Structures are given as structure tokens and as C-alpha cells.
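K.L.:
Just upload_17.txt, nothing more (compact mmCIF, C-alpha atoms (C1' of nucleotides)):
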```txt
# COMPACT_ATOMS: atom_id res chain seq x y z
CA MET A 1 -19.68 17.62 9.77
CA MET A 2 -16.12 18.06 10.92
CA LYS A 3 -15.19 21.12 12.88
CA ALA A 4 -12.14 22.84 11.44
CA THR A 5 -10.37 26.16 11.34
CA ILE A 6 -7.39 27.65 9.55
CA GLU A 7 -5.15 29.68 11.79
CA LYS A 8 -1.58 30.98 11.38
CA GLY A 9 -0.75 28.64 8.53
CA SER A 10 -2.17 25.51 10.09
CA LEU A 11 -5.40 23.59 9.71
CA TYR A 12 -6.97 22.44 12.96
CA ILE A 13 -9.51 19.63 12.99
CA PHE A 14 -11.47 19.17 16.20
CA ASP A 15 -13.12 16.10 17.67
CA CYS A 16 -11.10 13.83 15.39
CA ASP A 17 -10.36 10.33 16.62
CA ILE A 18 -7.81 9.48 13.91
CA ASP A 19 -4.87 7.41 15.16
CA LEU A 20 -1.92 8.95 13.37
CA TYR A 21 0.57 6.22 14.23
CA ARG A 22 -1.69 3.45 12.99
CA THR A 23 -2.72 5.38 9.91
CA PHE A 24 0.87 6.00 8.84
CA ASN A 25 2.21 2.59 9.85
CA CYS A 26 -0.53 0.23 8.70
CA GLY A 27 1.14 -0.51 5.38
CA GLN A 28 -0.77 1.83 3.08
CA ALA A 29 1.87 4.60 2.99
CA PHE A 30 5.65 4.37 3.13
CA ARG A 31 7.02 7.91 3.42
CA TRP A 32 5.59 9.27 6.68
CA LYS A 33 8.27 9.75 9.34
CA SER A 34 7.64 10.14 13.02
CA VAL A 35 9.21 13.19 14.64
CA SER A 36 7.85 12.22 18.06
CA ASP A 37 5.02 10.15 19.47
CA SER A 38 2.38 12.52 18.15
CA VAL A 39 4.12 14.42 15.33
CA PHE A 40 4.65 13.08 11.82
CA THR A 41 5.99 14.54 8.61
CA CYS A 42 5.91 13.65 4.93
CA VAL A 43 6.35 15.27 1.53
CA LEU A 44 2.96 15.62 -0.14
CA GLY A 45 3.18 17.01 -3.63
CA GLU A 46 5.73 19.80 -3.52
CA ARG A 47 5.80 20.55 0.17
CA ILE A 48 6.78 19.18 3.54
CA VAL A 49 3.67 18.53 5.60
CA THR A 50 3.61 18.14 9.37
CA VAL A 51 0.73 16.59 11.30
CA SER A 52 0.34 16.47 15.06
CA LYS A 53 -2.34 15.49 17.50
CA GLU A 54 -3.22 16.72 20.97
CA ALA A 55 -6.24 15.29 22.71
CA ASP A 56 -8.86 15.09 19.95
CA CYS A 57 -7.44 17.90 17.84
CA ILE A 58 -5.12 17.41 14.90
CA ALA A 59 -3.03 20.20 13.41
CA ILE A 60 -1.84 20.08 9.81
CA SER A 61 0.61 22.51 8.26
CA PRO A 62 1.18 24.25 5.99
CA CYS A 63 -2.39 25.31 5.30
CA GLU A 64 -3.02 28.77 3.90
CA ASN A 65 -6.47 28.66 2.35
CA GLU A 66 -9.56 26.68 1.44
CA ILE A 67 -7.76 24.92 -1.40
CA ASP A 68 -5.20 23.52 1.01
CA LYS A 69 -7.97 22.58 3.40
CA ALA A 70 -9.83 20.74 0.65
CA PHE A 71 -6.65 18.84 -0.24
CA TYR A 72 -6.09 17.67 3.33
CA THR A 73 -9.76 16.84 3.79
CA HIS A 74 -9.53 14.52 0.82
CA TYR A 75 -6.09 13.15 1.67
CA PHE A 76 -7.07 12.20 5.22
CA ASP A 77 -10.58 11.12 4.19
CA LEU A 78 -11.99 13.41 6.85
CA GLU A 79 -15.58 13.51 5.58
CA ARG A 80 -16.15 9.79 5.93
CA ASP A 81 -17.96 8.42 8.97
CA TYR A 82 -15.39 5.98 10.32
CA THR A 83 -17.33 5.66 13.55
CA ALA A 84 -20.11 3.98 11.59
CA ILE A 85 -17.61 1.57 10.03
CA GLU A 86 -16.08 0.76 13.41
CA ASP A 87 -19.54 0.31 14.93
CA TYR A 88 -20.36 -2.15 12.17
CA MET A 89 -17.17 -4.06 12.89
CA LEU A 90 -17.93 -4.07 16.62
CA SER A 91 -21.31 -5.62 15.86
CA ASN A 92 -19.56 -8.58 14.23
CA THR A 93 -17.99 -11.16 16.51
CA VAL A 94 -15.00 -11.74 14.24
CA LEU A 95 -14.36 -8.18 13.06
CA SER A 96 -14.71 -6.75 16.55
CA ARG A 97 -11.46 -8.44 17.52
CA CYS A 98 -9.56 -6.07 15.20
CA ILE A 99 -10.86 -2.86 16.72
CA PRO A 100 -8.60 -2.69 19.80
CA TYR A 101 -5.60 -2.98 17.49
CA ALA A 102 -6.78 -0.86 14.58
CA LYS A 103 -9.29 1.72 15.79
CA GLY A 104 -8.61 5.16 14.36
CA ILE A 105 -7.09 4.07 11.05
CA ARG A 106 -7.95 6.22 8.06
CA ILE A 107 -7.54 5.21 4.45
CA LEU A 108 -5.41 7.94 2.89
CA ASN A 109 -6.14 9.26 -0.58
CA GLN A 110 -2.60 9.27 -1.92
CA ALA A 111 -1.17 10.40 -5.26
CA PRO A 112 -1.94 7.67 -7.83
CA PHE A 113 1.44 7.62 -9.56
CA GLU A 114 3.34 7.47 -6.28
CA THR A 115 1.04 4.71 -5.08
CA LEU A 116 1.46 2.81 -8.34
CA ILE A 117 5.26 2.81 -8.20
CA SER A 118 5.33 2.21 -4.44
CA PHE A 119 3.22 -0.93 -4.68
CA ILE A 120 5.14 -2.29 -7.64
CA ILE A 121 8.14 -2.06 -5.32
CA SER A 122 6.12 -3.76 -2.57
CA ALA A 123 5.84 -7.07 -4.42
CA ASN A 124 7.45 -9.92 -2.48
CA ASN A 125 9.15 -7.36 -0.26
CA ASN A 126 9.00 -6.22 3.35
CA ILE A 127 7.72 -2.87 4.56
CA LYS A 128 11.05 -1.67 5.97
CA ARG A 129 12.84 -2.25 2.71
CA ILE A 130 9.96 -0.86 0.66
CA SER A 131 10.23 2.42 2.58
CA LYS A 132 13.97 2.54 2.16
CA THR A 133 13.82 1.84 -1.55
CA ILE A 134 11.19 4.54 -2.07
CA ASP A 135 13.32 7.02 -0.14
CA ASN A 136 16.28 6.10 -2.35
CA LEU A 137 14.14 6.59 -5.44
CA CYS A 138 13.05 10.04 -4.29
CA ALA A 139 16.61 11.09 -3.51
CA ALA A 140 17.80 9.82 -6.89
CA ALA A 141 15.07 11.21 -9.12
CA GLY A 142 12.89 13.55 -7.06
CA ARG A 143 13.41 17.27 -6.54
CA ARG A 144 15.15 18.39 -3.40
CA ILE A 145 13.04 20.82 -1.38
CA GLY A 146 15.14 23.84 -0.44
CA ASP A 147 18.24 22.72 1.39
CA THR A 148 16.40 20.10 3.41
CA ASN A 149 16.81 16.36 3.24
CA HIS A 150 13.31 16.06 1.81
CA TYR A 151 12.58 15.17 -1.79
CA THR A 152 9.43 15.15 -3.89
CA PHE A 153 8.27 11.89 -5.33
CA PRO A 154 9.73 11.69 -8.85
CA THR A 155 7.66 12.52 -11.90
CA PRO A 156 6.90 9.74 -14.39
CA GLN A 157 9.41 11.26 -16.79
CA SER A 158 12.22 11.39 -14.25
CA ILE A 159 11.70 7.71 -13.41
CA ALA A 160 11.45 6.80 -17.08
CA ASP A 161 14.80 8.55 -17.57
CA LEU A 162 16.55 6.35 -15.00
CA SER A 163 18.57 3.41 -16.32
CA ILE A 164 18.01 -0.14 -15.13
CA GLU A 165 21.42 0.13 -13.46
CA ASP A 166 20.25 3.24 -11.59
CA LEU A 167 17.15 1.41 -10.41
CA LEU A 168 19.14 -1.64 -9.31
CA LYS A 169 21.53 0.58 -7.36
CA ILE A 170 18.53 2.05 -5.54
CA GLY A 171 17.53 -1.43 -4.41
CA THR A 172 14.47 -2.19 -6.56
CA GLY A 173 15.82 -5.65 -7.40
CA TYR A 174 14.05 -7.59 -10.12
CA ARG A 175 11.27 -4.95 -10.18
CA ALA A 176 13.57 -2.45 -11.90
CA SER A 177 12.31 -3.13 -15.42
CA TYR A 178 8.68 -3.10 -14.24
CA ILE A 179 9.18 0.36 -12.74
CA LYS A 180 10.83 1.75 -15.83
CA ASP A 181 8.29 0.22 -18.22
CA THR A 182 5.35 1.44 -16.16
CA ALA A 183 6.76 4.97 -15.86
CA ILE A 184 7.13 5.04 -19.64
CA ARG A 185 3.53 3.90 -20.08
CA ILE A 186 2.33 6.76 -17.86
CA CYS A 187 4.41 9.23 -19.88
CA GLU A 188 2.79 7.87 -23.02
CA GLY A 189 -0.61 8.79 -21.65
CA PHE A 190 -1.90 5.82 -19.68
CA PRO A 191 -5.11 7.22 -18.09
CA LEU A 192 -4.26 6.62 -14.44
CA GLU A 193 -6.40 9.39 -12.94
CA GLU A 194 -9.39 8.37 -15.02
CA LEU A 195 -9.55 4.98 -13.30
CA ARG A 196 -11.18 6.79 -10.40
CA ASP A 197 -14.36 7.14 -12.44
CA LEU A 198 -14.50 3.64 -13.89
CA ASP A 199 -16.22 0.71 -12.23
CA TYR A 200 -13.99 -1.40 -10.00
CA CYS A 201 -13.53 -4.39 -12.32
CA THR A 202 -12.77 -2.30 -15.39
CA ALA A 203 -10.31 -0.12 -13.49
CA LYS A 204 -8.56 -3.17 -12.03
CA SER A 205 -8.21 -4.86 -15.42
CA LYS A 206 -6.81 -1.67 -16.89
CA LEU A 207 -4.23 -1.33 -14.11
CA MET A 208 -3.15 -4.94 -14.59
CA GLU A 209 -2.04 -4.09 -18.11
CA LEU A 210 0.95 -2.39 -16.47
CA LYS A 211 4.14 -4.35 -15.85
CA GLY A 212 4.54 -5.42 -12.26
CA VAL A 213 0.87 -4.87 -11.46
CA GLY A 214 -1.04 -8.04 -10.63
CA GLY A 215 -4.33 -8.38 -8.81
CA LYS A 216 -3.10 -7.57 -5.32
CA VAL A 217 -1.02 -4.55 -6.30
CA ALA A 218 -3.93 -3.26 -8.42
CA ASP A 219 -6.24 -3.50 -5.40
CA CYS A 220 -3.79 -1.49 -3.29
CA ILE A 221 -3.60 1.25 -5.90
CA LEU A 222 -7.39 1.33 -6.28
CA LEU A 223 -7.96 1.47 -2.52
CA PHE A 224 -5.17 3.81 -1.46
CA SER A 225 -5.25 6.34 -4.28
CA LEU A 226 -8.28 5.99 -6.55
CA GLY A 227 -11.28 5.91 -4.26
CA HIS A 228 -12.30 2.30 -4.82
CA TYR A 229 -13.16 1.37 -1.24
CA ASN A 230 -14.43 -2.08 -2.14
CA ALA A 231 -10.96 -3.15 -3.37
CA PHE A 232 -9.68 -5.87 -1.02
CA PRO A 233 -5.92 -6.53 -1.33
CA MET A 234 -4.96 -10.10 -0.43
CA ASP A 235 -1.31 -10.51 0.54
CA VAL A 236 0.27 -13.23 2.66
CA TRP A 237 -0.81 -11.53 5.89
CA MET A 238 -4.40 -11.15 4.76
CA LYS A 239 -4.56 -14.76 3.61
CA ARG A 240 -3.43 -15.94 7.02
CA ALA A 241 -5.81 -13.52 8.75
CA VAL A 242 -8.82 -14.50 6.66
CA ASN A 243 -8.09 -18.20 7.14
CA ALA A 244 -7.72 -17.79 10.89
CA LEU A 245 -10.55 -15.34 11.52
CA PHE A 246 -13.29 -16.50 9.19
CA PHE A 247 -12.52 -20.10 8.26
CA ASN A 248 -11.10 -21.62 11.42
CA GLY A 249 -7.69 -22.12 9.83
CA LYS A 250 -8.90 -23.99 6.77
CA GLN A 251 -7.86 -23.14 3.24
CA VAL A 252 -10.28 -20.87 1.45
CA SER A 253 -11.60 -21.35 -2.06
CA ARG A 254 -11.81 -18.45 -4.45
CA ASP A 255 -15.60 -18.50 -4.32
CA GLU A 256 -15.67 -18.49 -0.53
CA LEU A 257 -13.30 -15.52 -0.52
CA CYS A 258 -15.40 -13.61 -3.05
CA ALA A 259 -18.53 -14.27 -0.99
CA LEU A 260 -16.82 -12.99 2.14
CA ILE A 261 -15.61 -9.79 0.47
CA GLU A 262 -19.04 -9.26 -1.06
CA SER A 263 -20.64 -9.61 2.36
CA LEU A 264 -18.48 -6.79 3.73
CA GLY A 265 -20.06 -4.33 1.32
CA ALA A 266 -18.90 -1.08 -0.23
CA ASN A 267 -16.32 -0.43 2.51
CA ALA A 268 -14.72 -3.88 2.32
CA GLY A 269 -11.33 -2.33 1.56
CA ILE A 270 -11.39 -0.15 4.64
CA ILE A 271 -12.30 -3.14 6.79
CA GLN A 272 -9.50 -5.03 5.07
CA GLN A 273 -7.01 -2.46 6.31
CA TYR A 274 -8.21 -2.86 9.89
CA ILE A 275 -7.82 -6.63 9.58
CA PHE A 276 -4.39 -6.27 8.00
CA HIS A 277 -3.10 -4.08 10.78
CA TYR A 278 -4.60 -6.39 13.39
CA ALA A 279 -2.90 -9.40 11.80
CA ARG A 280 0.47 -7.69 11.78
CA GLN A 281 0.15 -6.44 15.34
CA ILE A 282 -0.63 -9.85 16.79
CA GLY A 283 1.87 -11.52 14.45
CA ILE A 284 -0.71 -13.92 13.07
CA LYS A 285 0.55 -17.17 11.65
C1' DC B 1 23.35 -18.68 7.76
C1' DG B 2 18.42 -19.62 5.94
C1' DC B 3 13.88 -17.88 5.72
C1' DC B 4 10.75 -14.24 4.83
C1' DA B 5 8.61 -10.29 2.62
C1' DG B 6 1.51 -5.98 1.35
C1' DG B 7 3.59 -10.99 -5.57
C1' DA B 8 4.10 -10.91 -10.58
C1' DT B 9 5.60 -13.18 -14.54
C1' DT B 10 6.53 -16.94 -17.28
C1' DC B 11 6.12 -21.57 -18.60
C1' DG B 12 4.11 -26.15 -18.99
C1' DC B 13 0.01 -28.48 -18.76
C1' DG C 1 -7.43 -21.39 -16.55
C1' DC C 2 -4.16 -23.47 -12.88
C1' DG C 3 0.22 -24.97 -10.32
C1' DA C 4 5.23 -24.46 -10.07
C1' DA C 5 9.56 -22.28 -10.77
C1' DT C 6 11.81 -18.03 -10.88
C1' DC C 7 12.89 -13.37 -9.83
C1' DA C 8 16.74 -9.47 -6.34
C1' DT C 9 17.82 -8.35 -1.99
C1' DG C 10 17.69 -6.33 2.76
C1' DG C 11 15.66 -7.52 7.42
C1' DC C 12 15.71 -10.50 10.97
```
Using C-alpha cells, write down the structure that the file contains.
P.N.:
Amino acid sequence: MMKATIEKGSLYIFDCDIDLYRTFNCGQAFRWKSVSDSVFTCVLGERIVTVSKEADCIAISPCENEIDKAFYTHYFDLERDYTAIEDYMLSNTVLSRCIPYAKGIRILNQAPFETLISFIISANNNIKRISKTIDNLCAAAGRRIGDTNHYTFPTPQSIADLSIEDLLKIGTGYRASYIKDTAIRICEGFPLEELRDLDYCTAKSKLMELKGVGGKVADCILLFSLGHYNAFPMDVWMKRAVNALFFNGKQVSRDELCALIESLGANAGIIQQYIFHYARQIGIK
DNA sequence: CGCCAGGATTCGC
DNA sequence: GCGAATCATGGC
């Protein structure tokens, strides 16, 4: 059990080996900004959240009550035993290579609609520009918080209300119509939150009904916002990493890939994120 | 400048 | 069901 206390508007978690930098920069989230080496900030829901770490203690604010604490516990996936996952990886000759580069990553439980739109934007795009485009989208259609430079992520309706020209100006490129169409589908009642309770394959198929959502983007949404930890997103980095790490550089068949993912078990998606970050850190080719 | 990016869609077979 | 062309655009 994690040790935690709420004090003076902050939540303190003790004996926590999360690596904040890796967690916020491993390609699962696009809006966290670093204030310093150990302090990061992001808008979550309607408020500006700040997280810092000193030794093995992380501080999260604002936190006023048990409801806030429960939100952060879920968001940062604090109840999961990541040590067990990392120990499993260390026991595997191939996976152990990722640990020095990726130890301390947590899979965040992000807001599904934000994750959906963010990963539609991610298609055939680079992480720097994805972040910038999302920031533009928030400034254009989100709500400004006080007189700060922070904005909430837009509601489905406020994105649906944007014109294609607006979305192009923001920098979404050819994904503009996908974003608008998908936002409209959500407004019309697409059961995004309910995908959490469906089995993985059914939830993935349902997501892929949305414009701009193919298999890889669906896996990202399932893994980063809907609790499907077996989802295993395969982008260009992961393809290179899997080829290099598990198949000695040879091309992989679909069946071989499925067998590999299956062998990684219920936490395959979490392991995937460690591999992904490793691949990017070493600049795998 | 040319190539790349957490790919999806569309089309032809 | 599978390969190839196409898509918009900043980063490097």
C-alpha cells in the first residue's frame, strides 16, 4: 500500500520511485510542461496541477480532500505494483535492456476524449509538433483558467463547433476533418467511457469506427485512457524496436508479432511503453 | 533543401 | 484481405 498524506493543499506520496521526466516525456501525454528538473505542471480537468519530486517523495497540488486524492491515485496509477513489472522485465534478457532507460515510467490514466483527439493528431506526426498543435487547440477552443496562460482541453462540442479552416490554422493538417467528425460523433453520444468495461477486441473495433482512428491510435487510447493494459501500440519506433530486440533485425510476420504480445501477458502495454521509450532514447534504427 | 514523424484512408487488385 | 499512393506540415 502506498503511504500518502494530504497537507496544506498538497498530496504527498512517500517511497514512490516514479520518474516524472520519463513519465511525462515518453510519448503518452503531450501537455505536461517542465518548470524545472523536478517540477512539472499540466492542466487536468479544470485546474492547473503541479507535481514535484524530492528524494522518494512526490508532491501533487492542488489536493484538498479524498476525492482529489482518489483522482490522482488513478491518474498516476499509484496502486499498481510497477516494481513487479520491472522485476519481470529484468528477468528477461531482452527486456532488461530497457530498464536503465525507462525505469520509473508510469502509464497515466488520462481523460479519454483528450486522449482520443490527441492521438488522432499524432498520426504520421512528430511529438514536438503534436504538443504544439494540441496547445493551439486548447488556446483556440478551451477555456482560459483565470488570467493565466493555461487552458482546459476543449469539450467535444467546442471542437465540433470549430470550422475546418480553424483546425487547419491550428496546424492539424489533413487530420482536420477527422477531428471535427470525431468530435461530432462524441457529441451525438458515442459511448467512449463505456469502452473501459468492454473486452479489448470489442472496444478496439468500436473505437476504429471513428474517423482518424486506426489500429495503432485505438491501442494508444485504450492503453493511456481506458485501462486496457494489454493494448500494444505499434508505431514506426516500436516496429524497429521489436525487429531489433526480438527478431535480430528480421521482418516480423503478423502472427509472430501476435505471439510475442501474447507472451508478454496482461501488462503487455506497459512493457510496450518501456520499450518505446528505450527505443527513442537510444535512437534505434 | 529533402526526409521524417507514436498512421489512416482510399483505391485497385 | 493486402500493397501502394496519398494526405498537411513543422522539425531537423
K.L.:
Report the centre and edge lengths, in Å to one decimal, of an axis-aligned box enclosing every atom of region 3-13 of chain B listed in the file, padded by 3 Å on each side, as AutoDock Vina command-line options.
P.N.:
```
--center_x 6.9 --center_y -17.2 --center_z -6.6 --size_x 19.9 --size_y 28.5 --size_z 30.7
```
K.L.:
When you get a sec, could you note down which chain A residues fall within 6 Å of chain B, using all atoms listed in the file, as a ChimeraX atom specification?
P.N.:
/A:123-126,212,214,235
K.L.:
Restricting it to C-alpha atoms, dump the selection as an mmCIF file, keeping the file's coordinate frame.
P.N.:
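And here is the file that came out, again-v3.cif:
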```cif
data_model
loop_
_atom_site.group_PDB
_atom_site.id
_atom_site.type_symbol
_atom_site.label_atom_id
_atom_site.label_comp_id
_atom_site.auth_asym_id
_atom_site.auth_seq_id
_atom_site.Cartn_x
_atom_site.Cartn_y
_atom_site.Cartn_z
ATOM 1 C CA ALA A 123 5.840 -7.070 -4.420
ATOM 2 C CA ASN A 124 7.450 -9.920 -2.480
ATOM 3 C CA ASN A 125 9.150 -7.360 -0.260
ATOM 4 C CA ASN A 126 9.000 -6.220 3.350
ATOM 5 C CA GLY A 212 4.540 -5.420 -12.260
ATOM 6 C CA GLY A 214 -1.040 -8.040 -10.630
ATOM 7 C CA ASP A 235 -1.310 -10.510 0.540
#
```
K.L.:
Show me, as a list in words, the residues of chain C whose atoms get within 8 Å of chain A, using all atoms listed in the file for the distance check.
P.N.:
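Matching residues, ligands excluded from the count: DC7, DA8, DT9, DG10 and DG11 of chain C.
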K.L.:
Please measure the separation of CA of Thr202 (chain A) and CA of Ile179 (chain A), giving the value in Å to one decimal.
P.N.:
22.3 Å
K.L.:
Need the shell around Asn230 (chain A): protein/DNA/RNA residues with any atom at most 9 Å away, counting only C-alpha atoms (C1' of nucleotides). Skip same-chain ones fewer than 6 positions apart. Format as an NGL selection string?
P.N.:
:A and (200 or 219 or 222-223 or 261-262 or 264-270)
K.L.:
Do you have the CA of Ser91 (chain A)-CA of Leu245 (chain A) distance handy?
P.N.:
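Separation between CA of Ser91 (chain A) and CA of Leu245 (chain A): 15.1 Å.
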K.L.:
Residues within 9 Å of (0.5, 6.5, 5.2), file coordinates, counting all atoms listed in the file: what are they? Give the list as a list in words.
P.N.:
Leu20, Arg22, Thr23, Phe24, Asn25, Cys26, Gly27, Gln28, Ala29, Phe30, Arg31, Trp32, Cys42, Arg106, Ile107, Leu108 and Gln110 of chain A
K.L.:
Find, counting all atoms listed in the file, the residue in A:Lys53, A:His74, A:His277, A:Lys206 that gets nearest to Pro100 (chain A).
P.N.:
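Checking each candidate against Pro100 (chain A), we get A:His277 as the closest.
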K.L.:
Please provide the set of residues having any atom within 12 Å of Ile18 (chain A), restricted to all atoms listed in the file, with same-chain residues fewer than 3 positions apart removed, written as a count of residues only.
P.N.:
31
